[in-house]
$ cat my_file05.tsv   # TSV, C-alpha atoms
chain	number	residue	atom	x	y	z
A	240	MET	CA	0.00	0.00	0.00
A	241	PRO	CA	2.87	2.42	-0.09
A	242	THR	CA	2.31	5.38	-2.37
A	243	ILE	CA	5.51	6.90	-3.66
A	244	ARG	CA	5.76	10.36	-5.17
A	245	VAL	CA	8.84	11.39	-7.08
A	246	GLU	CA	9.62	14.99	-7.93
A	247	LEU	CA	12.41	15.22	-10.46
A	248	PHE	CA	13.71	17.56	-13.11
A	249	GLU	CA	11.88	17.13	-16.38
A	250	GLY	CA	13.75	15.39	-19.13
A	251	ARG	CA	13.90	11.78	-18.03
A	252	THR	CA	12.63	9.37	-20.67
A	253	ALA	CA	9.78	6.93	-20.34
A	254	GLU	CA	12.41	4.19	-20.43
A	255	GLN	CA	14.12	5.68	-17.38
A	256	LYS	CA	10.84	6.00	-15.50
A	257	ARG	CA	9.91	2.44	-16.46
A	258	ALA	CA	13.21	1.15	-15.10
A	259	PHE	CA	12.83	3.25	-11.94
A	260	ALA	CA	9.30	2.00	-11.33
A	261	LYS	CA	10.38	-1.62	-11.72
A	262	ALA	CA	13.45	-1.33	-9.51
A	263	VAL	CA	11.82	0.74	-6.80
A	264	THR	CA	8.77	-1.50	-6.64
A	265	GLU	CA	11.03	-4.51	-6.17
A	266	ALA	CA	13.04	-2.69	-3.51
A	267	THR	CA	9.83	-1.73	-1.74
A	268	VAL	CA	8.54	-5.29	-1.60
A	269	GLN	CA	11.89	-6.60	-0.42
A	270	THR	CA	12.39	-4.04	2.34
A	271	LEU	CA	8.89	-3.10	3.46
A	272	GLY	CA	6.99	-6.24	2.57
A	273	GLY	CA	3.56	-6.39	0.94
A	274	SER	CA	2.77	-7.17	-2.68
A	275	ALA	CA	4.02	-5.38	-5.78
A	276	ASP	CA	0.45	-4.64	-6.83
A	277	SER	CA	-0.02	-2.46	-3.77
A	278	VAL	CA	2.84	-0.14	-4.73
A	279	ASP	CA	1.87	3.06	-6.54
A	280	ILE	CA	4.52	5.40	-7.93
A	281	LEU	CA	3.78	8.86	-9.34
A	282	PHE	CA	6.25	11.05	-11.18
A	283	PHE	CA	6.07	14.82	-11.14
A	284	ASP	CA	8.31	16.52	-13.69
A	285	VAL	CA	9.60	19.86	-12.44
A	286	LYS	CA	11.11	22.53	-14.67
A	287	PRO	CA	14.44	24.03	-13.57
A	288	GLN	CA	12.74	27.43	-13.27
A	289	ASP	CA	10.30	25.88	-10.76
A	290	TRP	CA	12.93	24.53	-8.37
A	291	ALA	CA	15.20	26.66	-6.22
A	292	THR	CA	18.01	25.63	-3.91
A	293	GLY	CA	19.90	28.10	-1.78
A	294	GLY	CA	17.54	30.83	-2.96
A	295	MET	CA	18.39	30.44	-6.65
A	296	LEU	CA	16.31	28.94	-9.43
A	297	TRP	CA	18.06	26.06	-11.17
A	298	SER	CA	17.37	27.78	-14.49
A	299	ASP	CA	19.69	30.61	-13.45
A	300	PRO	CA	23.47	30.37	-13.79
A	301	ARG	CA	25.01	29.34	-10.50
A	302	PRO	CA	28.22	30.97	-9.33
A	303	ALA	CA	31.25	28.72	-9.55
A	304	LYS	CA	32.34	27.28	-6.23
A	305	SER	CA	35.76	28.58	-5.35
B	119	MET	CA	-10.27	24.64	6.22
B	120	PRO	CA	-9.73	21.24	4.73
B	121	THR	CA	-7.49	21.29	1.70
B	122	ILE	CA	-8.10	18.41	-0.66
B	123	ARG	CA	-5.66	17.32	-3.35
B	124	VAL	CA	-6.78	14.97	-6.09
B	125	GLU	CA	-4.34	13.14	-8.31
B	126	LEU	CA	-6.10	11.57	-11.26
B	127	PHE	CA	-5.37	10.44	-14.78
B	128	GLU	CA	-5.54	13.29	-17.23
B	129	GLY	CA	-8.55	13.43	-19.50
B	130	ARG	CA	-11.39	14.38	-17.21
B	131	THR	CA	-13.36	17.36	-18.49
B	132	ALA	CA	-13.91	20.66	-16.73
B	133	GLU	CA	-17.54	19.58	-16.36
B	134	GLN	CA	-16.47	16.47	-14.45
B	135	LYS	CA	-14.13	18.44	-12.21
B	136	ARG	CA	-16.87	21.02	-11.61
B	137	ALA	CA	-19.30	18.31	-10.56
B	138	PHE	CA	-16.65	16.67	-8.37
B	139	ALA	CA	-15.81	19.94	-6.65
B	140	LYS	CA	-19.45	20.65	-5.90
B	141	ALA	CA	-20.27	17.17	-4.64
B	142	VAL	CA	-17.11	16.74	-2.58
B	143	THR	CA	-17.42	20.17	-1.00
B	144	GLU	CA	-20.98	19.34	0.05
B	145	ALA	CA	-19.87	15.97	1.40
B	146	THR	CA	-17.07	17.66	3.32
B	147	VAL	CA	-19.37	20.16	5.00
B	148	GLN	CA	-21.87	17.44	5.87
B	149	THR	CA	-19.38	15.01	7.35
B	150	LEU	CA	-16.59	17.18	8.75
B	151	GLY	CA	-18.47	20.40	9.45
B	152	GLY	CA	-17.24	23.90	8.71
B	153	SER	CA	-18.28	26.15	5.85
B	154	ALA	CA	-18.09	25.46	2.14
B	155	ASP	CA	-15.92	28.53	1.63
B	156	SER	CA	-13.19	26.96	3.73
B	157	VAL	CA	-12.88	23.93	1.44
B	158	ASP	CA	-10.14	24.08	-1.18
B	159	ILE	CA	-9.80	21.38	-3.81
B	160	LEU	CA	-6.86	21.07	-6.20
B	161	PHE	CA	-6.66	18.73	-9.17
B	162	PHE	CA	-3.41	17.31	-10.46
B	163	ASP	CA	-3.68	15.62	-13.85
B	164	VAL	CA	-1.26	12.73	-14.17
B	165	LYS	CA	-0.27	11.15	-17.48
B	166	PRO	CA	-0.43	7.34	-17.69
B	167	GLN	CA	3.34	7.27	-18.29
B	168	ASP	CA	3.81	9.06	-14.96
B	169	TRP	CA	1.90	6.58	-12.81
B	170	ALA	CA	3.01	3.05	-12.08
B	171	THR	CA	1.26	0.30	-10.17
B	172	GLY	CA	2.86	-3.06	-9.52
B	173	GLY	CA	6.06	-1.79	-11.09
B	174	MET	CA	4.49	-1.05	-14.50
B	175	LEU	CA	3.66	2.29	-16.06
B	176	TRP	CA	-0.01	2.62	-16.96
B	177	SER	CA	1.05	3.65	-20.47
B	178	ASP	CA	2.48	0.17	-21.00
B	179	PRO	CA	0.31	-2.79	-22.00
B	180	ARG	CA	-0.60	-4.83	-18.95
B	181	PRO	CA	-0.60	-8.61	-19.12
B	182	ALA	CA	-4.05	-10.15	-19.15
B	183	LYS	CA	-5.11	-11.62	-15.82
B	184	SER	CA	-5.58	-15.35	-16.19
C	171	MET	CA	-7.34	5.51	-9.61
C	172	PRO	CA	-7.75	8.90	-8.07
C	173	THR	CA	-5.73	9.40	-4.92
C	174	ILE	CA	-7.21	12.00	-2.61
C	175	ARG	CA	-5.27	13.68	0.21
C	176	VAL	CA	-7.11	15.64	2.85
C	177	GLU	CA	-5.36	18.02	5.21
C	178	LEU	CA	-7.61	19.06	8.05
C	179	PHE	CA	-7.40	20.31	11.59
C	180	GLU	CA	-6.95	17.49	14.05
C	181	GLY	CA	-9.94	16.57	16.15
C	182	ARG	CA	-12.31	14.91	13.73
C	183	THR	CA	-13.48	11.50	14.90
C	184	ALA	CA	-13.05	8.20	13.14
C	185	GLU	CA	-16.79	8.27	12.56
C	186	GLN	CA	-16.50	11.58	10.71
C	187	LYS	CA	-13.61	10.31	8.60
C	188	ARG	CA	-15.54	7.11	7.89
C	189	ALA	CA	-18.54	9.11	6.69
C	190	PHE	CA	-16.31	11.41	4.64
C	191	ALA	CA	-14.54	8.48	2.98
C	192	LYS	CA	-17.82	6.83	2.06
C	193	ALA	CA	-19.45	10.00	0.71
C	194	VAL	CA	-16.42	11.25	-1.18
C	195	THR	CA	-15.73	7.87	-2.74
C	196	GLU	CA	-19.32	7.74	-3.99
C	197	ALA	CA	-19.06	11.29	-5.32
C	198	THR	CA	-15.82	10.41	-7.06
C	199	VAL	CA	-17.29	7.41	-8.84
C	200	GLN	CA	-20.38	9.36	-9.86
C	201	THR	CA	-18.53	12.38	-11.23
C	202	LEU	CA	-15.20	11.02	-12.47
C	203	GLY	CA	-16.12	7.43	-13.24
C	204	GLY	CA	-14.06	4.37	-12.41
C	205	SER	CA	-14.62	1.91	-9.60
C	206	ALA	CA	-14.83	2.61	-5.88
C	207	ASP	CA	-11.95	0.21	-5.24
C	208	SER	CA	-9.63	2.46	-7.20
C	209	VAL	CA	-10.25	5.45	-4.93
C	210	ASP	CA	-7.70	6.01	-2.16
C	211	ILE	CA	-8.23	8.69	0.47
C	212	LEU	CA	-5.59	9.73	3.00
C	213	PHE	CA	-6.18	12.03	5.96
C	214	PHE	CA	-3.47	14.24	7.42
C	215	ASP	CA	-4.36	15.76	10.77
C	216	VAL	CA	-2.80	19.19	11.21
C	217	LYS	CA	-2.43	20.95	14.55
C	218	PRO	CA	-3.59	24.58	14.74
C	219	GLN	CA	-0.03	25.64	15.53
C	220	ASP	CA	1.08	24.05	12.26
C	221	TRP	CA	-1.30	25.95	9.99
C	222	ALA	CA	-1.11	29.66	9.29
C	223	THR	CA	-3.42	31.87	7.28
C	224	GLY	CA	-2.73	35.53	6.69
C	225	GLY	CA	0.61	35.12	8.42
C	226	MET	CA	-0.89	33.98	11.74
C	227	LEU	CA	-0.90	30.54	13.28
C	228	TRP	CA	-4.40	29.26	14.00
C	229	SER	CA	-3.31	28.51	17.56
C	230	ASP	CA	-2.85	32.24	18.15
C	231	PRO	CA	-5.76	34.53	19.00
C	232	ARG	CA	-6.99	36.27	15.88
C	233	PRO	CA	-7.97	39.91	16.06
C	234	ALA	CA	-11.70	40.53	15.89
C	235	LYS	CA	-12.93	41.70	12.49
C	236	SER	CA	-14.29	45.19	12.78
D	219	MET	CA	16.84	20.99	5.12
D	220	PRO	CA	13.38	22.45	4.88
D	221	THR	CA	11.63	21.59	1.66
D	222	ILE	CA	8.99	24.11	0.68
D	223	ARG	CA	6.27	23.44	-1.87
D	224	VAL	CA	4.26	26.30	-3.29
D	225	GLU	CA	1.02	25.79	-5.16
D	226	LEU	CA	-0.07	28.95	-6.92
D	227	PHE	CA	-2.15	30.02	-9.86
D	228	GLU	CA	-0.21	29.85	-13.10
D	229	GLY	CA	0.89	33.14	-14.59
D	230	ARG	CA	3.63	34.33	-12.28
D	231	THR	CA	6.82	35.20	-14.12
D	232	ALA	CA	10.24	33.69	-13.59
D	233	GLU	CA	11.23	37.06	-12.13
D	234	GLN	CA	8.51	36.77	-9.50
D	235	LYS	CA	9.49	33.22	-8.63
D	236	ARG	CA	13.15	34.25	-8.47
D	237	ALA	CA	12.32	37.06	-6.04
D	238	PHE	CA	10.10	34.75	-3.99
D	239	ALA	CA	12.79	32.08	-3.77
D	240	LYS	CA	15.38	34.60	-2.63
D	241	ALA	CA	13.15	36.26	-0.05
D	242	VAL	CA	11.67	33.07	1.35
D	243	THR	CA	15.05	31.37	1.60
D	244	GLU	CA	16.37	34.33	3.57
D	245	ALA	CA	13.30	34.31	5.81
D	246	THR	CA	13.73	30.59	6.37
D	247	VAL	CA	17.34	30.91	7.46
D	248	GLN	CA	16.51	33.83	9.74
D	249	THR	CA	13.55	32.20	11.45
D	250	LEU	CA	14.30	28.48	11.38
D	251	GLY	CA	18.08	28.51	11.24
D	252	GLY	CA	20.24	26.29	9.06
D	253	SER	CA	22.02	27.23	5.87
D	254	ALA	CA	20.51	28.67	2.69
D	255	ASP	CA	21.89	25.75	0.69
D	256	SER	CA	19.67	23.37	2.60
D	257	VAL	CA	16.47	25.15	1.55
D	258	ASP	CA	14.64	23.69	-1.43
D	259	ILE	CA	11.63	25.44	-2.92
D	260	LEU	CA	9.37	23.91	-5.57
D	261	PHE	CA	6.66	25.75	-7.48
D	262	PHE	CA	3.56	24.03	-8.80
D	263	ASP	CA	1.54	26.15	-11.21
D	264	VAL	CA	-2.16	25.41	-10.97
D	265	LYS	CA	-4.71	26.38	-13.62
D	266	PRO	CA	-7.85	28.15	-12.41
D	267	GLN	CA	-9.93	25.22	-13.68
D	268	ASP	CA	-7.93	22.91	-11.41
D	269	TRP	CA	-8.58	24.81	-8.17
D	270	ALA	CA	-11.94	25.06	-6.46
D	271	THR	CA	-12.93	27.00	-3.36
D	272	GLY	CA	-16.39	26.80	-1.88
D	273	GLY	CA	-17.29	24.13	-4.42
D	274	MET	CA	-16.62	26.33	-7.46
D	275	LEU	CA	-13.76	26.21	-9.92
D	276	TRP	CA	-11.86	29.48	-10.11
D	277	SER	CA	-12.30	29.40	-13.89
D	278	ASP	CA	-16.04	29.81	-13.42
D	279	PRO	CA	-17.64	33.19	-12.82
D	280	ARG	CA	-18.22	33.73	-9.13
D	281	PRO	CA	-21.41	35.35	-7.94
D	282	ALA	CA	-20.97	38.93	-6.75
D	283	LYS	CA	-20.91	39.29	-2.99
D	284	SER	CA	-23.84	41.38	-1.88
E	45	MET	CA	17.82	16.08	-7.05
E	46	PRO	CA	14.84	13.78	-6.97
E	47	THR	CA	12.77	14.13	-3.84
E	48	ILE	CA	10.85	10.98	-2.97
E	49	ARG	CA	7.91	10.89	-0.58
E	50	VAL	CA	6.64	7.60	0.74
E	51	GLU	CA	3.27	7.24	2.42
E	52	LEU	CA	2.96	3.90	4.16
E	53	PHE	CA	1.08	2.28	6.99
E	54	GLU	CA	2.73	2.93	10.31
E	55	GLY	CA	4.58	0.06	11.90
E	56	ARG	CA	7.65	-0.37	9.75
E	57	THR	CA	10.87	-0.39	11.76
E	58	ALA	CA	13.80	1.96	11.40
E	59	GLU	CA	15.72	-1.00	10.02
E	60	GLN	CA	13.16	-1.41	7.23
E	61	LYS	CA	13.22	2.27	6.40
E	62	ARG	CA	17.02	2.22	6.43
E	63	ALA	CA	17.08	-0.67	3.98
E	64	PHE	CA	14.45	0.99	1.81
E	65	ALA	CA	16.36	4.29	1.72
E	66	LYS	CA	19.56	2.53	0.72
E	67	ALA	CA	17.99	0.37	-1.97
E	68	VAL	CA	15.81	3.08	-3.45
E	69	THR	CA	18.64	5.60	-3.55
E	70	GLU	CA	20.78	3.10	-5.43
E	71	ALA	CA	17.94	2.34	-7.81
E	72	THR	CA	17.40	6.04	-8.39
E	73	VAL	CA	21.03	6.68	-9.27
E	74	GLN	CA	21.13	3.67	-11.57
E	75	THR	CA	17.94	4.47	-13.47
E	76	LEU	CA	17.66	8.26	-13.37
E	77	GLY	CA	21.31	9.24	-13.03
E	78	GLY	CA	22.68	11.93	-10.74
E	79	SER	CA	24.48	11.45	-7.46
E	80	ALA	CA	23.24	9.64	-4.35
E	81	ASP	CA	23.70	12.81	-2.31
E	82	SER	CA	21.03	14.54	-4.35
E	83	VAL	CA	18.37	11.97	-3.46
E	84	ASP	CA	16.06	12.87	-0.58
E	85	ILE	CA	13.54	10.38	0.76
E	86	LEU	CA	10.82	11.25	3.27
E	87	PHE	CA	8.59	8.74	5.04
E	88	PHE	CA	5.09	9.57	6.19
E	89	ASP	CA	3.56	7.00	8.51
E	90	VAL	CA	-0.19	6.74	8.06
E	91	LYS	CA	-2.53	5.11	10.56
E	92	PRO	CA	-5.03	2.59	9.19
E	93	GLN	CA	-7.87	4.86	10.34
E	94	ASP	CA	-6.43	7.63	8.15
E	95	TRP	CA	-6.37	5.66	4.91
E	96	ALA	CA	-9.46	4.56	3.01
E	97	THR	CA	-9.75	2.44	-0.11
E	98	GLY	CA	-13.07	1.72	-1.77
E	99	GLY	CA	-14.74	4.06	0.69
E	100	MET	CA	-13.71	2.07	3.76
E	101	LEU	CA	-11.12	2.92	6.38
E	102	TRP	CA	-8.43	0.27	6.71
E	103	SER	CA	-9.08	0.21	10.46
E	104	ASP	CA	-12.56	-1.17	9.78
E	105	PRO	CA	-13.19	-4.85	9.12
E	106	ARG	CA	-13.39	-5.49	5.39
E	107	PRO	CA	-15.97	-7.89	4.04
E	108	ALA	CA	-14.53	-11.18	2.86
E	109	LYS	CA	-14.17	-11.47	-0.90
E	110	SER	CA	-16.39	-14.24	-2.16
F	192	MET	CA	-4.20	31.87	-2.94
F	193	PRO	CA	-0.81	30.30	-2.71
F	194	THR	CA	-0.68	27.30	-0.44
F	195	ILE	CA	2.74	26.66	1.02
F	196	ARG	CA	3.82	23.37	2.60
F	197	VAL	CA	6.95	23.19	4.67
F	198	GLU	CA	8.60	19.91	5.58
F	199	LEU	CA	11.22	20.40	8.26
F	200	PHE	CA	12.94	18.46	10.99
F	201	GLU	CA	10.92	18.38	14.16
F	202	GLY	CA	12.09	20.53	17.01
F	203	ARG	CA	11.36	24.07	15.87
F	204	THR	CA	9.36	26.03	18.42
F	205	ALA	CA	5.99	27.66	17.93
F	206	GLU	CA	7.82	30.98	18.13
F	207	GLN	CA	10.00	30.01	15.18
F	208	LYS	CA	7.03	28.84	13.13
F	209	ARG	CA	5.16	32.03	14.03
F	210	ALA	CA	8.06	34.15	12.82
F	211	PHE	CA	8.41	32.05	9.68
F	212	ALA	CA	4.71	32.34	8.87
F	213	LYS	CA	4.77	36.10	9.29
F	214	ALA	CA	7.93	36.65	7.25
F	215	VAL	CA	7.04	34.24	4.45
F	216	THR	CA	3.53	35.60	4.11
F	217	GLU	CA	4.94	39.11	3.74
F	218	ALA	CA	7.50	37.90	1.22
F	219	THR	CA	4.74	36.13	-0.71
F	220	VAL	CA	2.58	39.23	-0.95
F	221	GLN	CA	5.54	41.37	-1.97
F	222	THR	CA	6.83	39.06	-4.67
F	223	LEU	CA	3.76	37.24	-5.98
F	224	GLY	CA	1.06	39.77	-5.20
F	225	GLY	CA	-2.36	39.01	-3.76
F	226	SER	CA	-3.53	39.51	-0.20
F	227	ALA	CA	-2.03	38.09	2.98
F	228	ASP	CA	-5.33	36.45	3.83
F	229	SER	CA	-5.04	34.23	0.77
F	230	VAL	CA	-1.73	32.73	1.90
F	231	ASP	CA	-1.92	29.39	3.70
F	232	ILE	CA	1.17	27.81	5.24
F	233	LEU	CA	1.29	24.28	6.63
F	234	PHE	CA	4.16	22.80	8.62
F	235	PHE	CA	4.97	19.12	8.61
F	236	ASP	CA	7.44	18.06	11.28
F	237	VAL	CA	9.62	15.18	10.13
F	238	LYS	CA	11.66	12.98	12.46
F	239	PRO	CA	15.31	12.41	11.55
F	240	GLN	CA	14.60	8.70	11.16
F	241	ASP	CA	11.98	9.56	8.52
F	242	TRP	CA	14.25	11.58	6.25
F	243	ALA	CA	17.12	10.13	4.24
F	244	THR	CA	19.68	11.88	2.08
F	245	GLY	CA	22.26	9.99	0.08
F	246	GLY	CA	20.64	6.74	1.15
F	247	MET	CA	21.18	7.32	4.87
F	248	LEU	CA	18.63	8.19	7.53
F	249	TRP	CA	19.47	11.43	9.34
F	250	SER	CA	19.09	9.55	12.63
F	251	ASP	CA	22.11	7.45	11.72
F	252	PRO	CA	25.67	8.68	12.25
F	253	ARG	CA	27.08	10.10	9.04
F	254	PRO	CA	30.66	9.36	8.07
F	255	ALA	CA	32.99	12.33	8.43
F	256	LYS	CA	33.82	14.05	5.16
F	257	SER	CA	37.52	13.65	4.44
$ encode --input "my_file05.tsv" --output "structure tokens"
Amino acid sequence: MPTIRVELFEGRTAEQKRAFAKAVTEATVQTLGGSADSVDILFFDVKPQDWATGGMLWSDPRPAKS
Amino acid sequence: MPTIRVELFEGRTAEQKRAFAKAVTEATVQTLGGSADSVDILFFDVKPQDWATGGMLWSDPRPAKS
Amino acid sequence: MPTIRVELFEGRTAEQKRAFAKAVTEATVQTLGGSADSVDILFFDVKPQDWATGGMLWSDPRPAKS
Amino acid sequence: MPTIRVELFEGRTAEQKRAFAKAVTEATVQTLGGSADSVDILFFDVKPQDWATGGMLWSDPRPAKS
Amino acid sequence: MPTIRVELFEGRTAEQKRAFAKAVTEATVQTLGGSADSVDILFFDVKPQDWATGGMLWSDPRPAKS
Amino acid sequence: MPTIRVELFEGRTAEQKRAFAKAVTEATVQTLGGSADSVDILFFDVKPQDWATGGMLWSDPRPAKS
């Protein structure tokens, strides 16, 4: 019955999400128990201009770390 | 003051969402109390390739149940 | 397949949540289609000191509206 | 380490989100402590037809308050 | 940078969550790319009386399937 | 109308959340527009054993960076 939400930068392919869903569902069953059919996974693509870390949008150029 | 989030497969019409919002707001007031104005409902359309159950994306063909 | 999350002030009884779940599931099937078994509803109790509106926690006294 | 999710009506510019991210990250560090780098902010644009208050979609005309 | 939220019935041990976090982080890096350090996972324990499927709380007895 | 959710490690005081709510609501109005009354903020306290980064729970000792 776990429901898993994944927020990630847009741009991953359906093939990548398919592989993620398969691997994470297996990992869920192995570590938390329950059946694979009870595992729901939802992907939410986020644009770089909609995600900020350290007060800066990821669509903006980040200063080089010195 | 309840805030209600609904994740559903994309494709429902505005008319369906309008009917849902009206019916669910009424059900909320009747069962939880409070005023209708305090009920917020947000819809999040999800593509079939962004939802997996049992480790398979809903955009992929599912094996027939035997 | 809709998944419905409800954030509400703590204090509602199991009976109220039971009635809400029943009524909202029926409303979902009637307005969005699909089967009742595909409707998941999750409740998240929120304390008044963990919810702010207008910049004020609900656990704090609110000024009277004049 | 706070993660902050913001659901807002679509239509705000990148400049507005940039200013929000900067101001809210600073406010977070000042009031909750921690470093700016540990603050993540995600924006979720919501269409008016996907948000209902009082049982009515925001894309629908609202009756005038008398 | 993926952020992963897991809603699950309460009762899993720290050891189970530890194993889940390790396995899912590895699966994320392998299928989506990026570094392990950029993967955040949050667990939300849900009580059976706060989760309903098919209009029934999981804390209530479910009719036997015939 | 923005709704803001904040996930943070448990342990912040009501005074800190009060200050956060006030400052973030002001920042929201200044940068996104709208009225303060339309800004909702919800706090979700997360235990260190329910948050993992880099595949490790925050309740576990982290290896020193060399």
$ atom_distance --input "my_file05.tsv" --atom1 "CA of Gly129 (chain B)" --atom2 "CA of Pro181 (chain B)"
23.4 Å
$ interface_residues --input "my_file05.tsv" --of "chain B" --to "chain C" --cutoff "7 Å" --atoms "only C-alpha atoms" --output "ChimeraX atom specification"
/B:119-126,130,134,137-138,141-142,145-146,149-150
$ atom_distance --input "my_file05.tsv" --atom1 "CA of Lys238 (chain F)" --atom2 "CA of Ala80 (chain E)"
20.7 Å
$ atom_distance --input "my_file05.tsv" --atom1 "CA of Ser274 (chain A)" --atom2 "CA of Met174 (chain B)"
13.4 Å
$ residues_near_point --input "my_file05.tsv" --point "(-19.5, 29.6, -9.7)" --cutoff "12 Å" --atoms "only C-alpha atoms" --output "list of chain:residue names"
B:Arg136, B:Ala137, B:Ala139, B:Lys140, B:Asp155, D:Gln267, D:Ala270, D:Thr271, D:Gly272, D:Gly273, D:Met274, D:Leu275, D:Trp276, D:Ser277, D:Asp278, D:Pro279, D:Arg280, D:Pro281, D:Ala282, D:Lys283
